[in-house]
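Text of protein30.cif (mmCIF, C-alpha atoms) as supplied:
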```cif
data_start
loop_
_atom_site.label_atom_id
_atom_site.label_comp_id
_atom_site.auth_asym_id
_atom_site.auth_seq_id
_atom_site.Cartn_x
_atom_site.Cartn_y
_atom_site.Cartn_z
CA MET X 29 16.03 21.20 9.94
CA ALA X 30 18.85 18.66 10.02
CA LYS X 31 18.19 15.05 9.30
CA SER X 32 16.69 13.19 12.26
CA LYS X 33 19.03 10.88 14.17
CA TYR X 34 16.27 8.32 13.69
CA GLU X 35 16.57 8.49 9.90
CA PHE X 36 18.91 5.49 10.04
CA VAL X 37 19.83 3.62 13.18
CA SER X 38 23.24 2.46 11.89
CA LEU X 39 25.47 2.41 8.82
CA ALA X 40 24.41 -1.17 8.10
CA ASN X 41 20.78 -0.06 8.35
CA TYR X 42 21.48 2.77 5.89
CA ILE X 43 22.93 0.34 3.36
CA TYR X 44 20.33 -2.45 3.42
CA TYR X 45 17.37 -0.09 3.95
CA SER X 46 18.44 1.85 0.84
CA PHE X 47 18.97 -1.41 -1.07
CA LEU X 48 15.51 -2.66 -0.12
CA GLU X 49 13.95 0.70 -0.92
CA ILE X 50 15.40 0.68 -4.45
CA THR X 51 14.60 -3.01 -5.00
CA LEU X 52 10.99 -2.67 -3.86
CA SER X 53 10.48 0.53 -5.84
CA ILE X 54 11.49 -1.37 -8.99
CA ALA X 55 9.41 -4.42 -7.97
CA PHE X 56 6.28 -2.29 -7.59
CA LEU X 57 6.67 -1.00 -11.14
CA PHE X 58 6.26 -4.64 -12.24
CA PHE X 59 3.73 -5.60 -9.57
CA PHE X 60 1.22 -2.93 -10.64
CA ARG X 61 0.17 -2.33 -14.24
CA ARG X 62 -0.16 1.37 -13.53
CA PHE X 63 1.07 3.13 -10.40
CA LYS X 64 0.80 6.84 -9.67
CA VAL X 65 1.89 9.01 -6.75
CA ILE X 66 -0.30 12.11 -6.44
CA GLY X 67 0.48 15.16 -4.32
CA ARG X 68 4.23 14.69 -3.72
CA GLU X 69 4.48 18.46 -3.19
CA ASN X 70 2.48 18.09 0.04
CA VAL X 71 5.27 16.11 1.74
CA SER X 72 7.90 18.31 3.38
CA LYS X 73 11.49 17.15 2.99
CA SER X 74 12.64 18.74 6.23
CA LYS X 75 9.74 19.18 8.66
CA PRO X 76 8.58 16.46 11.05
CA VAL X 77 5.76 14.56 9.32
CA LEU X 78 3.21 11.98 10.33
CA PHE X 79 1.63 10.03 7.48
CA ALA X 80 -1.99 9.14 8.32
CA VAL X 81 -2.82 6.32 5.87
CA ASN X 82 -6.00 4.37 5.15
CA HIS X 83 -5.29 0.66 5.53
CA GLN X 84 -6.35 -1.76 2.79
CA SER X 85 -3.49 -4.13 2.04
CA SER X 86 -1.57 -5.08 5.22
CA PHE X 87 2.20 -4.75 4.59
CA VAL X 88 1.98 -3.30 1.07
CA ASP X 89 0.53 0.00 2.35
CA PRO X 90 3.49 1.06 4.52
CA ILE X 91 6.06 -0.28 2.05
CA LEU X 92 4.55 1.85 -0.74
CA VAL X 93 4.64 4.99 1.40
CA ALA X 94 8.23 4.30 2.46
CA SER X 95 9.37 3.47 -1.08
CA PHE X 96 7.89 6.47 -2.88
CA THR X 97 8.61 9.39 -0.61
CA SER X 98 11.78 11.28 0.30
CA ARG X 99 11.24 10.37 3.97
CA ARG X 100 12.14 7.24 5.93
CA PRO X 101 9.11 6.81 8.21
CA TRP X 102 8.88 4.67 11.32
CA PHE X 103 5.86 2.35 11.58
CA ILE X 104 3.79 1.37 14.58
CA THR X 105 3.21 -2.40 14.30
CA ARG X 106 1.26 -4.88 16.40
CA ALA X 107 3.47 -6.16 19.21
CA GLY X 108 2.80 -9.84 18.50
CA VAL X 109 5.55 -9.98 15.87
CA PHE X 110 8.18 -8.73 18.36
CA ASN X 111 8.30 -12.07 20.17
CA SER X 112 12.07 -12.53 20.56
CA ALA X 113 15.25 -10.50 20.93
CA LEU X 114 16.23 -11.35 17.35
CA THR X 115 12.91 -10.30 15.80
CA ARG X 116 12.94 -7.11 17.88
CA ARG X 117 16.36 -6.20 16.45
CA ILE X 118 15.28 -7.08 12.90
CA PHE X 119 11.98 -5.19 13.00
CA ARG X 120 13.55 -2.19 14.68
CA SER X 121 16.15 -2.05 11.91
CA PHE X 122 13.21 -1.74 9.49
CA HIS X 123 11.90 1.25 11.50
CA MET X 124 9.11 -0.71 13.21
CA LEU X 125 7.90 -0.02 16.76
CA PRO X 126 5.62 -2.36 18.78
CA ILE X 127 2.11 -1.38 19.84
CA TYR X 128 0.10 -3.51 22.28
CA ARG X 129 -3.66 -4.01 22.09
CA MET X 130 -6.34 -4.87 24.62
CA ASN X 131 -6.30 -8.58 23.75
CA ASP X 132 -2.53 -8.87 24.34
CA GLY X 133 -3.14 -9.35 28.07
CA VAL X 134 -0.98 -6.43 29.25
CA ASN X 135 -1.51 -3.00 30.72
CA ILE X 136 -1.52 -1.26 27.35
CA LYS X 137 -0.99 2.21 28.82
CA GLU X 138 2.25 1.18 30.51
CA ALA X 139 3.35 -1.23 27.76
CA ASN X 140 2.94 1.35 24.99
CA GLU X 141 4.49 4.34 26.77
CA ALA X 142 8.01 3.56 25.49
CA THR X 143 6.75 3.38 21.89
CA PHE X 144 4.77 6.60 22.24
CA GLN X 145 7.77 8.39 23.76
CA GLN X 146 10.08 7.22 21.00
CA SER X 147 7.47 8.26 18.42
CA ARG X 148 7.44 11.74 19.95
CA ASP X 149 11.24 11.81 19.98
CA ILE X 150 11.33 10.87 16.28
CA LEU X 151 9.07 13.80 15.45
CA LYS X 152 10.95 16.18 17.76
CA THR X 153 14.17 15.50 15.85
CA GLY X 154 12.52 16.16 12.47
CA GLY X 155 11.78 12.54 11.62
CA ALA X 156 8.74 10.84 10.07
CA MET X 157 6.09 8.50 11.45
CA LEU X 158 3.43 6.41 9.69
CA ILE X 159 0.19 5.47 11.42
CA PHE X 160 -3.06 3.84 10.28
CA PRO X 161 -5.70 5.86 12.18
CA GLU X 162 -8.51 3.51 11.12
CA GLY X 163 -7.02 1.02 13.57
CA ASN X 164 -7.42 -2.07 11.36
CA HIS X 165 -7.31 -3.08 7.73
CA GLY X 166 -10.18 -3.51 5.30
CA MET X 167 -10.44 -3.81 1.51
CA ARG X 168 -13.71 -1.96 1.06
CA LYS X 169 -13.54 1.42 -0.65
CA ARG X 170 -14.53 3.42 2.40
CA LEU X 171 -12.99 5.33 5.30
CA ARG X 172 -13.59 3.47 8.55
CA THR X 173 -14.59 6.07 11.10
CA PRO X 174 -14.39 7.16 13.85
CA LEU X 175 -10.62 7.33 13.57
CA LYS X 176 -8.41 6.29 16.48
CA LYS X 177 -6.78 9.19 18.36
CA GLY X 178 -3.29 7.71 18.74
CA PHE X 179 -1.88 9.77 15.85
CA ALA X 180 -3.25 12.96 17.44
CA ARG X 181 -1.74 12.22 20.84
CA ILE X 182 1.68 11.51 19.39
CA ALA X 183 1.76 14.59 17.16
CA LEU X 184 0.22 17.09 19.59
CA GLU X 185 2.18 15.85 22.61
CA ALA X 186 5.44 15.97 20.63
CA ASP X 187 4.74 19.58 19.71
CA ALA X 188 3.59 20.42 23.25
CA GLU X 189 6.90 19.10 24.64
CA THR X 190 8.66 21.74 22.51
CA ASP X 191 6.21 24.48 23.55
CA PHE X 192 4.63 24.25 20.07
CA THR X 193 7.75 25.35 18.20
CA LEU X 194 7.85 22.08 16.23
CA GLY X 195 4.86 22.21 13.88
CA VAL X 196 4.22 18.58 12.87
CA ASP X 197 2.68 18.05 9.43
CA ILE X 198 -0.03 15.37 9.55
CA ILE X 199 -0.43 14.20 5.96
CA PRO X 200 -3.69 12.45 4.97
CA THR X 201 -2.62 9.65 2.64
CA GLY X 202 -5.07 7.74 0.47
CA MET X 203 -4.27 4.29 -0.93
CA PHE X 204 -6.47 3.20 -3.85
CA TYR X 205 -6.15 -0.32 -5.24
CA GLU X 206 -8.11 -1.06 -8.40
CA HIS X 207 -8.17 -4.68 -7.25
CA SER X 208 -7.07 -5.46 -3.70
CA THR X 209 -6.03 -9.08 -4.32
CA LYS X 210 -4.83 -9.19 -7.93
CA PHE X 211 -1.38 -9.06 -9.49
CA ARG X 212 -0.89 -6.42 -12.22
CA SER X 213 -3.83 -4.22 -11.22
CA ASP X 214 -3.64 -0.41 -10.88
CA CYS X 215 -2.81 1.60 -7.79
CA SER X 216 -2.60 5.25 -6.83
CA MET X 217 -1.25 6.86 -3.67
CA ASN X 218 -2.56 10.32 -2.89
CA TYR X 219 -0.87 12.73 -0.44
CA GLY X 220 -3.35 15.39 0.66
CA LYS X 221 -2.88 18.85 2.13
CA PRO X 222 -1.30 18.46 5.59
CA LEU X 223 -2.82 19.50 8.89
CA ASN X 224 -0.30 21.17 11.18
CA THR X 225 -0.23 20.83 14.95
CA ALA X 226 0.63 24.52 15.34
CA ASP X 227 -2.94 25.35 14.29
CA TYR X 228 -4.24 23.48 17.36
CA ALA X 229 -1.77 24.91 19.89
CA GLU X 230 -4.12 27.38 21.58
CA LEU X 231 -6.95 24.87 21.85
CA TYR X 232 -4.56 22.24 23.25
CA LYS X 233 -3.31 24.61 25.94
CA LYS X 234 -6.91 25.26 27.02
CA ASP X 235 -8.29 21.72 26.68
CA PRO X 236 -6.05 18.88 25.41
CA ASN X 237 -8.99 16.47 24.97
CA GLU X 238 -10.93 18.96 22.89
CA ALA X 239 -7.84 19.50 20.71
CA LEU X 240 -7.50 15.73 20.23
CA ASN X 241 -11.14 15.46 19.21
CA LYS X 242 -10.91 18.44 16.86
CA ILE X 243 -7.79 17.28 14.99
CA THR X 244 -9.19 13.73 14.73
CA LYS X 245 -12.42 14.99 13.16
CA ASP X 246 -10.49 17.33 10.84
CA LEU X 247 -8.24 14.48 9.69
CA ALA X 248 -11.27 12.32 8.88
CA LEU X 249 -12.57 15.08 6.60
CA GLU X 250 -9.18 15.46 4.89
CA MET X 251 -8.65 11.70 4.47
CA ALA X 252 -12.04 11.40 2.77
CA LYS X 253 -10.74 13.83 0.13
CA VAL X 254 -7.80 11.63 -0.88
CA LEU X 255 -9.59 8.30 -1.36
CA VAL X 256 -12.78 6.74 -2.69
CA ASP X 257 -15.25 6.72 0.21
CA ILE X 258 -18.54 4.83 -0.12
CA HIS X 259 -20.34 5.82 3.07
CA SER X 260 -23.08 3.23 3.47
CA LYS X 261 -22.30 0.07 5.41
CA GLU X 262 -25.68 -1.59 4.92
CA ASN X 263 -25.87 -1.07 1.13
CA TYR X 264 -22.15 -1.12 0.44
CA ASP X 265 -22.11 -4.10 -1.93
CA ALA X 266 -24.93 -2.74 -4.10
CA LEU X 267 -23.38 0.74 -4.25
CA GLU X 268 -19.93 -0.61 -5.08
CA LYS X 269 -21.40 -2.71 -7.89
CA GLU X 270 -23.28 0.30 -9.26
CA TRP X 271 -20.15 2.43 -9.09
CA GLN X 272 -18.00 -0.23 -10.79
CA GLU X 273 -20.51 -0.67 -13.62
CA GLY X 274 -20.96 3.07 -14.12
CA ARG X 275 -17.34 4.21 -14.08
CA PRO X 276 -15.25 4.74 -17.22
CA LYS X 277 -11.84 3.04 -17.25
CA GLU X 278 -9.56 6.06 -17.68
CA SER X 279 -5.85 5.52 -18.30
CA ASP X 280 -4.80 8.73 -16.53
CA MET X 281 -4.69 7.74 -12.85
CA VAL X 282 -5.17 11.29 -11.56
CA GLN X 283 -8.27 11.81 -13.68
CA ARG X 284 -9.52 8.32 -12.83
CA LEU X 285 -9.38 9.05 -9.11
CA ALA X 286 -11.18 12.38 -9.57
CA THR X 287 -13.91 10.72 -11.67
CA ASP X 288 -14.32 7.88 -9.17
CA GLN X 289 -14.65 10.32 -6.29
CA ALA X 290 -17.27 12.35 -8.17
CA LEU X 291 -19.31 9.24 -9.00
CA VAL X 292 -19.16 7.94 -5.43
CA GLU X 293 -20.20 11.35 -4.11
CA ARG X 294 -23.30 11.12 -6.30
CA LEU X 295 -24.07 7.69 -4.85
CA ASN X 296 -23.53 8.99 -1.31
CA ASN X 297 -26.07 11.73 -2.07
CA GLY X 298 -28.69 9.19 -3.11
CA GLU X 299 -28.34 9.48 -6.90
CA ARG X 300 -28.34 6.47 -9.18
CA LEU X 301 -25.76 5.63 -11.87
CA GLU X 302 -26.53 4.09 -15.24
CA PRO X 303 -24.24 1.19 -16.22
CA LEU X 304 -21.91 1.97 -19.09
CA LYS X 305 -22.08 -0.02 -22.29
CA ARG X 306 -18.58 -1.35 -22.86
CA LYS X 307 -17.49 -2.36 -26.34
CA GLU X 308 -14.67 -4.82 -26.70
CA ASN X 309 -12.22 -4.37 -29.57
CA LYS X 310 -12.16 -7.97 -30.81
CA ALA X 311 -9.88 -7.18 -33.74
CA SER X 312 -7.22 -5.78 -31.40
CA ARG X 313 -7.56 -8.77 -29.09
CA ILE X 314 -7.14 -11.23 -31.97
CA THR X 315 -4.11 -9.33 -33.32
CA ILE X 316 -2.42 -9.30 -29.92
CA GLY X 317 -3.26 -12.97 -29.52
CA LEU X 318 -1.60 -13.96 -32.80
CA LEU X 319 1.47 -11.73 -32.64
CA GLY X 320 2.12 -12.18 -28.94
CA PHE X 321 1.68 -15.94 -28.68
CA PRO X 322 5.41 -16.86 -29.04
CA PHE X 323 6.36 -14.32 -26.34
CA PHE X 324 3.58 -15.64 -24.11
CA ILE X 325 4.84 -19.23 -24.40
CA TYR X 326 8.44 -18.18 -23.69
CA GLY X 327 7.50 -16.00 -20.71
CA ALA X 328 5.03 -18.49 -19.24
CA LEU X 329 7.37 -21.49 -19.43
CA ASN X 330 10.37 -19.68 -17.98
CA ASN X 331 8.36 -18.25 -15.07
CA LEU X 332 6.17 -21.30 -14.44
CA LEU X 333 7.94 -22.39 -11.24
CA SER X 334 7.60 -18.93 -9.70
CA TYR X 335 3.92 -18.73 -10.69
CA LEU X 336 3.08 -22.18 -9.30
CA THR X 337 4.97 -21.54 -6.05
CA THR X 338 3.19 -18.24 -5.41
CA LYS X 339 -0.19 -19.72 -6.32
CA TYR X 340 0.34 -22.66 -3.97
CA VAL X 341 1.30 -20.41 -1.05
CA LEU X 342 -1.70 -18.12 -1.58
CA LYS X 343 -4.16 -20.99 -1.93
CA ASN X 344 -2.94 -23.23 0.88
CA MET X 345 -1.27 -20.97 3.45
CA ILE X 346 -3.05 -17.59 3.38
CA LYS X 347 -6.58 -17.45 4.79
CA ASP X 348 -7.08 -13.67 5.11
CA PRO X 349 -7.42 -11.91 1.71
CA HIS X 350 -5.94 -8.74 3.22
CA PHE X 351 -2.55 -10.45 3.06
CA TYR X 352 -2.81 -11.60 -0.57
CA HIS X 353 -1.00 -8.59 -2.03
CA SER X 354 1.73 -8.67 0.60
CA ILE X 355 2.45 -12.39 0.27
CA MET X 356 2.09 -12.22 -3.50
CA LEU X 357 4.75 -9.49 -3.60
CA ALA X 358 7.14 -11.22 -1.19
CA CYS X 359 6.72 -14.74 -2.55
CA GLY X 360 6.65 -13.62 -6.19
CA LEU X 361 9.75 -11.44 -5.87
CA GLY X 362 11.68 -14.07 -3.93
CA SER X 363 10.74 -16.99 -6.17
CA VAL X 364 11.46 -15.05 -9.37
CA ILE X 365 14.95 -14.15 -8.12
CA VAL X 366 15.73 -17.69 -6.95
CA PHE X 367 14.29 -19.68 -9.86
CA THR X 368 15.53 -17.28 -12.55
CA PHE X 369 19.05 -17.41 -11.11
CA ILE X 370 19.01 -21.22 -11.00
CA GLN X 371 17.65 -21.42 -14.55
CA ALA X 372 20.31 -18.97 -15.76
CA VAL X 373 23.05 -21.11 -14.21
CA VAL X 374 21.63 -24.21 -15.90
CA PHE X 375 21.42 -22.27 -19.17
CA TYR X 376 25.09 -21.28 -18.84
CA LEU X 377 26.17 -24.84 -18.08
CA PHE X 378 24.47 -26.13 -21.21
CA ALA X 379 25.15 -23.21 -23.56
CA GLY X 380 28.60 -22.27 -22.24
CA HIS X 381 28.04 -18.58 -23.09
CA LEU X 382 28.10 -16.11 -20.19
CA GLY X 383 26.66 -13.21 -22.21
CA PHE X 384 23.58 -15.19 -23.30
CA ALA X 385 23.12 -16.47 -19.75
CA LEU X 386 23.13 -12.92 -18.37
CA LEU X 387 20.70 -11.81 -21.07
CA TYR X 388 18.44 -14.70 -20.11
CA LEU X 389 18.71 -13.76 -16.42
CA LEU X 390 17.73 -10.13 -17.01
CA SER X 391 15.03 -10.71 -19.62
CA THR X 392 13.09 -13.58 -18.04
CA PRO X 393 11.13 -11.43 -15.52
CA PHE X 394 10.15 -9.00 -18.31
CA PHE X 395 8.77 -11.82 -20.44
CA GLY X 396 6.94 -13.15 -17.39
CA ILE X 397 5.10 -9.83 -17.07
CA LEU X 398 4.33 -9.85 -20.80
CA ALA X 399 2.94 -13.39 -20.49
CA TYR X 400 0.69 -12.43 -17.58
CA ASP X 401 -0.64 -9.33 -19.36
CA TYR X 402 -1.14 -11.35 -22.55
CA TYR X 403 -3.22 -13.90 -20.62
CA ASP X 404 -5.34 -11.11 -19.12
CA ILE X 405 -6.02 -9.51 -22.50
CA VAL X 406 -6.40 -12.55 -24.74
CA PHE X 407 -7.86 -15.27 -22.52
CA ARG X 408 -9.73 -13.32 -19.86
CA GLY X 409 -10.69 -10.33 -21.97
CA GLU X 410 -11.38 -7.14 -20.03
CA VAL X 411 -10.44 -7.60 -16.38
CA ARG X 412 -13.67 -7.29 -14.43
CA PRO X 413 -14.03 -5.53 -11.06
CA GLN X 414 -13.37 -7.62 -7.98
CA ALA X 415 -16.40 -9.46 -6.69
CA SER X 416 -17.96 -7.85 -3.65
CA LYS X 417 -18.49 -11.34 -2.17
CA LEU X 418 -14.75 -11.51 -1.50
CA MET X 419 -15.04 -8.40 0.60
CA ASN X 420 -17.93 -9.65 2.77
CA GLY X 421 -16.83 -9.87 6.38
CA TYR X 422 -13.65 -7.87 5.81
CA GLY X 423 -13.25 -4.25 6.75
CA HIS X 424 -16.82 -3.27 7.63
#
```

Before anything else, please render the file you have as C-alpha cells.
Amino acid sequence: MAKSKYEFVSLANYIYYSFLEITLSIAFLFFFRRFKVIGRENVSKSKPVLFAVNHQSSFVDPILVASFTSRRPWFITRAGVFNSALTRRIFRSFHMLPIYRMNDGVNIKEANEATFQQSRDILKTGGAMLIFPEGNHGMRKRLRTPLKKGFARIALEADAETDFTLGVDIIPTGMFYEHSTKFRSDCSMNYGKPLNTADYAELYKKDPNEALNKITKDLALEMAKVLVDIHSKENYDALEKEWQEGRPKESDMVQRLATDQALVERLNNGERLEPLKRKENKASRITIGLLGFPFFIYGALNNLLSYLTTKYVLKNMIKDPHFYHSIMLACGLGSVIVFTFIQAVVFYLFAGHLGFALLYLLSTPFFGILAYDYYDIVFRGEVRPQASKLMNGYGH
C-alpha cells in the first residue's frame, strides 16, 4: 500500500517532524540508562495500524512510540490544549487530533465526529493511529480495565466503510518504566501480536455492538501479555513491594520483562515471593568512586545550571507526578542545549580556539550523564525501587 497522504501534512512538516524524531530518538538514549524495543516485527510497514498503548507517563508514551517505529502515527489528544487557531495549527502539524470529554461542556458525540472521521480516513489511506484505550494515565504496574471502546469503533468502522477490504492491525503496545519519575532509569516498549479487524468482519455485520465488545475484550487480554499487570487494586502496594523485593535485576531487558511477568503472575495467583538477598560490591563502588571523581566534578559543574533549572521546574511548577518524565525530558533537553551553547561561546571568547570550543560543546552533555550515573552508583548505592507512596491516588 502506498504511503498515506496523512503521513506528512506538508513539506515543512516532513522536515521538522523528521528533525524532531531524530533529535528525540538520540535524547532518549541519554534519558534512559537502558532502553529496549521488543517485537518490532509485529509492526507492519505498509498496512494501516492502530497502536493501543497503556498510559503511564503522559507525553513520553506517544513520543516513544512515534520515535522508535517506522510509522508516523496520529494521536488523539484532549481538546483543552487546542484553545486557539495557532495552537490548533501547531498541534495538528505534530499529528495531534482533539478529543472532547464529558466535562468539556459540549455535545461530545457531535464535537468528536470530525476527529473520528479523520481517524477513519487516516486508516483508510494506510496511515497509523495511536490511542490509549485505558482512557487515562496511571503509574501503577497494572492494566486499567475495562478498556474504552473508542479504538474499536475507529478501527472497525474504518474497515466497514471499505466493506472490510482494509484489514486494520491493532497492535497491543506495552510501556514499562523501571521508575516512572526518575531520570536515567530503564524502559522497555513491547509491541505484541496484532489483532486484525478482518477477523471480526462477520460478527460486525451481524451485530456491531457485539463486535465492539469482543474486540475490546480480546485487546485487554493481548495488552496484558505485553506489560507487567498486577491485578489487585486493594492490595496493590503490598504486592508491588513484594514483587520489587523478590525480582532479580537482570541487564537483558527482554529477559527482565519475561521474569517480571512470571513473578507477577505468581502473585496474581496467590503465591508469595521471598525477598532476594542483595550483595553490594563495595570494592567496585570504591574503585569507581576514586577513578571517576575528576570526571564527576567536571560533568557536574558544567551541567549544574541545567540540573538546577530542571529541578526547580519539577519542584515548584509540576504537581502531578505523571508529568515528571515529560517535563524532565523537555526542560532537561532544552536547558542543556541552551546553557551548553552559551558556555561554549564563553569558552571560545576566553580561549580563542574554535576547535576546543566545539569539543567542549559536544562533550559536556556526555560528561553530565557520567556525573549523574556516578552519583547514583557512588553516593546513592543501588537505586532502590520507587516508593509505592508516590503512586497512591494515581492511576487506580

Would you list the residues near (-8.7, -11.6, -23.0), meaning any protein, DNA or RNA residue with an atom at most 12 Å from that point in file coordinates, counting all atoms listed in the file, as a PDB file with C-alpha atoms, keeping the file's coordinate frame?
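Saved the output as result_22.pdb:
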```
ATOM      1  CA  GLU X 308     -14.670  -4.820 -26.700  1.00  0.00           C
ATOM      2  CA  ASN X 309     -12.220  -4.370 -29.570  1.00  0.00           C
ATOM      3  CA  LYS X 310     -12.160  -7.970 -30.810  1.00  0.00           C
ATOM      4  CA  ALA X 311      -9.880  -7.180 -33.740  1.00  0.00           C
ATOM      5  CA  SER X 312      -7.220  -5.780 -31.400  1.00  0.00           C
ATOM      6  CA  ARG X 313      -7.560  -8.770 -29.090  1.00  0.00           C
ATOM      7  CA  ILE X 314      -7.140 -11.230 -31.970  1.00  0.00           C
ATOM      8  CA  THR X 315      -4.110  -9.330 -33.320  1.00  0.00           C
ATOM      9  CA  ILE X 316      -2.420  -9.300 -29.920  1.00  0.00           C
ATOM     10  CA  GLY X 317      -3.260 -12.970 -29.520  1.00  0.00           C
ATOM     11  CA  TYR X 400       0.690 -12.430 -17.580  1.00  0.00           C
ATOM     12  CA  ASP X 401      -0.640  -9.330 -19.360  1.00  0.00           C
ATOM     13  CA  TYR X 402      -1.140 -11.350 -22.550  1.00  0.00           C
ATOM     14  CA  TYR X 403      -3.220 -13.900 -20.620  1.00  0.00           C
ATOM     15  CA  ASP X 404      -5.340 -11.110 -19.120  1.00  0.00           C
ATOM     16  CA  ILE X 405      -6.020  -9.510 -22.500  1.00  0.00           C
ATOM     17  CA  VAL X 406      -6.400 -12.550 -24.740  1.00  0.00           C
ATOM     18  CA  PHE X 407      -7.860 -15.270 -22.520  1.00  0.00           C
ATOM     19  CA  ARG X 408      -9.730 -13.320 -19.860  1.00  0.00           C
ATOM     20  CA  GLY X 409     -10.690 -10.330 -21.970  1.00  0.00           C
ATOM     21  CA  GLU X 410     -11.380  -7.140 -20.030  1.00  0.00           C
ATOM     22  CA  VAL X 411     -10.440  -7.600 -16.380  1.00  0.00           C
ATOM     23  CA  ARG X 412     -13.670  -7.290 -14.430  1.00  0.00           C
TER      24      ARG X 412
END
```

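For the residues X:Val341, X:Gly67, X:Gly155, X:Ile54, ranking by smallest atom-to-atom distance to X:Arg100 using only C-alpha atoms places X:Gly155 first.
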
9 Å contact set for X:Ile355, all atoms listed in the file, chain neighbours under 6 positions out, as a PyMOL selection string: chain X and resi 87+338+341-342+346

7 Å contact set for stretch 74-86 of chain X, all atoms listed in the file, chain neighbours under 2 positions out, as number ranges by chain: X: 29, 72, 88-89, 151, 154-162, 164-167, 196-203, 208, 350-351, 353-354

Any chance you could work out the residue set of the PyMOL selection byres ((chain X and resi 122) around 8) here, as a compact mmCIF listing (two decimals) with C-alpha atoms, keeping the file's coordinate frame?
```txt
# COMPACT_ATOMS: atom_id res chain seq x y z
CA ASN X 41 20.78 -0.06 8.35
CA TYR X 45 17.37 -0.09 3.95
CA TRP X 102 8.88 4.67 11.32
CA ILE X 118 15.28 -7.08 12.90
CA PHE X 119 11.98 -5.19 13.00
CA ARG X 120 13.55 -2.19 14.68
CA SER X 121 16.15 -2.05 11.91
CA HIS X 123 11.90 1.25 11.50
CA MET X 124 9.11 -0.71 13.21
```

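Here the question is which of X:Gly362, X:Leu291, X:Val65, X:Ala188 gets nearest to X:Leu231 using all atoms listed in the file, and that residue is X:Ala188.
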
Residues matched by the PyMOL selection byres ((chain X and resi 69) around 12), written as a list in words: Val65, Ile66, Gly67, Arg68, Asn70, Val71, Ser72, Lys73, Thr97, Ser98, Ile199, Asn218, Tyr219, Gly220, Lys221 and Pro222 of chain X

One-decimal distance in Å that lies between atom CA of X:Ala286 and atom CA of X:Lys242: 27.1 Å

Pick from X:Ala385, X:Asp348, X:Arg284, X:Leu295, whichever lies nearest to X:His259 using only C-alpha atoms: X:Leu295

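Take atom CA of X:Val254 and atom CA of X:Ile91: the distance between them is 18.5 Å.
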
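Comparing X:Arg275, X:Lys269, X:Lys233, X:Arg306 by their smallest distance to X:Leu184, the closest is X:Lys233 (using only C-alpha atoms).
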
Coordinates-based distance that separates atom CA of X:Leu57 from atom CA of X:Thr392 (Å, one decimal): 15.7 Å

From X:Asn297, X:Gly274, X:Lys177, X:Glu185, residue lying nearest X:Ile243 [only C-alpha atoms]: X:Lys177

Chain and number of each residue from the PyMOL selection byres ((chain X and resi 264) around 10), as an MDAnalysis selection string: chainID X and resid 168:170 258:263 265:270 416 420 424

Kindly output stretch 250-264 of chain X as a PDB file, in the frame of the given file, after building N, CA and C atoms.
```pdb
ATOM      1  N   GLU X 250     -10.258  15.341   5.883  1.00  0.00           N
ATOM      2  CA  GLU X 250      -9.180  15.460   4.890  1.00  0.00           C
ATOM      3  C   GLU X 250      -8.853  14.111   4.260  1.00  0.00           C
ATOM      4  N   MET X 251      -8.922  13.030   5.034  1.00  0.00           N
ATOM      5  CA  MET X 251      -8.650  11.700   4.470  1.00  0.00           C
ATOM      6  C   MET X 251      -9.714  11.317   3.457  1.00  0.00           C
ATOM      7  N   ALA X 252     -10.959  11.704   3.717  1.00  0.00           N
ATOM      8  CA  ALA X 252     -12.040  11.400   2.770  1.00  0.00           C
ATOM      9  C   ALA X 252     -11.805  12.043   1.419  1.00  0.00           C
ATOM     10  N   LYS X 253     -11.000  13.122   1.381  1.00  0.00           N
ATOM     11  CA  LYS X 253     -10.740  13.830   0.130  1.00  0.00           C
ATOM     12  C   LYS X 253      -9.676  13.138  -0.722  1.00  0.00           C
ATOM     13  N   VAL X 254      -8.907  12.226  -0.139  1.00  0.00           N
ATOM     14  CA  VAL X 254      -7.800  11.630  -0.880  1.00  0.00           C
ATOM     15  C   VAL X 254      -8.055  10.166  -1.244  1.00  0.00           C
ATOM     16  N   LEU X 255      -9.276   9.678  -1.000  1.00  0.00           N
ATOM     17  CA  LEU X 255      -9.590   8.300  -1.360  1.00  0.00           C
ATOM     18  C   LEU X 255     -11.030   8.196  -1.839  1.00  0.00           C
ATOM     19  N   VAL X 256     -11.396   7.011  -2.281  1.00  0.00           N
ATOM     20  CA  VAL X 256     -12.780   6.740  -2.690  1.00  0.00           C
ATOM     21  C   VAL X 256     -13.520   6.253  -1.454  1.00  0.00           C
ATOM     22  N   ASP X 257     -14.600   6.957  -1.068  1.00  0.00           N
ATOM     23  CA  ASP X 257     -15.250   6.720   0.210  1.00  0.00           C
ATOM     24  C   ASP X 257     -16.745   6.485   0.035  1.00  0.00           C
ATOM     25  N   ILE X 258     -17.125   5.204  -0.058  1.00  0.00           N
ATOM     26  CA  ILE X 258     -18.540   4.830  -0.120  1.00  0.00           C
ATOM     27  C   ILE X 258     -19.054   4.764   1.315  1.00  0.00           C
ATOM     28  N   HIS X 259     -19.967   5.655   1.666  1.00  0.00           N
ATOM     29  CA  HIS X 259     -20.340   5.820   3.070  1.00  0.00           C
ATOM     30  C   HIS X 259     -21.137   4.664   3.640  1.00  0.00           C
ATOM     31  N   SER X 260     -22.111   4.176   2.913  1.00  0.00           N
ATOM     32  CA  SER X 260     -23.080   3.230   3.470  1.00  0.00           C
ATOM     33  C   SER X 260     -22.424   1.887   3.817  1.00  0.00           C
ATOM     34  N   LYS X 261     -22.724   1.402   5.030  1.00  0.00           N
ATOM     35  CA  LYS X 261     -22.300   0.070   5.410  1.00  0.00           C
ATOM     36  C   LYS X 261     -23.336  -0.972   4.976  1.00  0.00           C
ATOM     37  N   GLU X 262     -24.601  -0.633   5.195  1.00  0.00           N
ATOM     38  CA  GLU X 262     -25.680  -1.590   4.920  1.00  0.00           C
ATOM     39  C   GLU X 262     -25.810  -1.900   3.427  1.00  0.00           C
ATOM     40  N   ASN X 263     -25.682  -0.882   2.579  1.00  0.00           N
ATOM     41  CA  ASN X 263     -25.870  -1.070   1.130  1.00  0.00           C
ATOM     42  C   ASN X 263     -24.551  -1.020   0.368  1.00  0.00           C
ATOM     43  N   TYR X 264     -23.460  -1.297   1.070  1.00  0.00           N
ATOM     44  CA  TYR X 264     -22.150  -1.120   0.440  1.00  0.00           C
ATOM     45  C   TYR X 264     -22.013  -1.939  -0.841  1.00  0.00           C
TER      46      TYR X 264
END
```
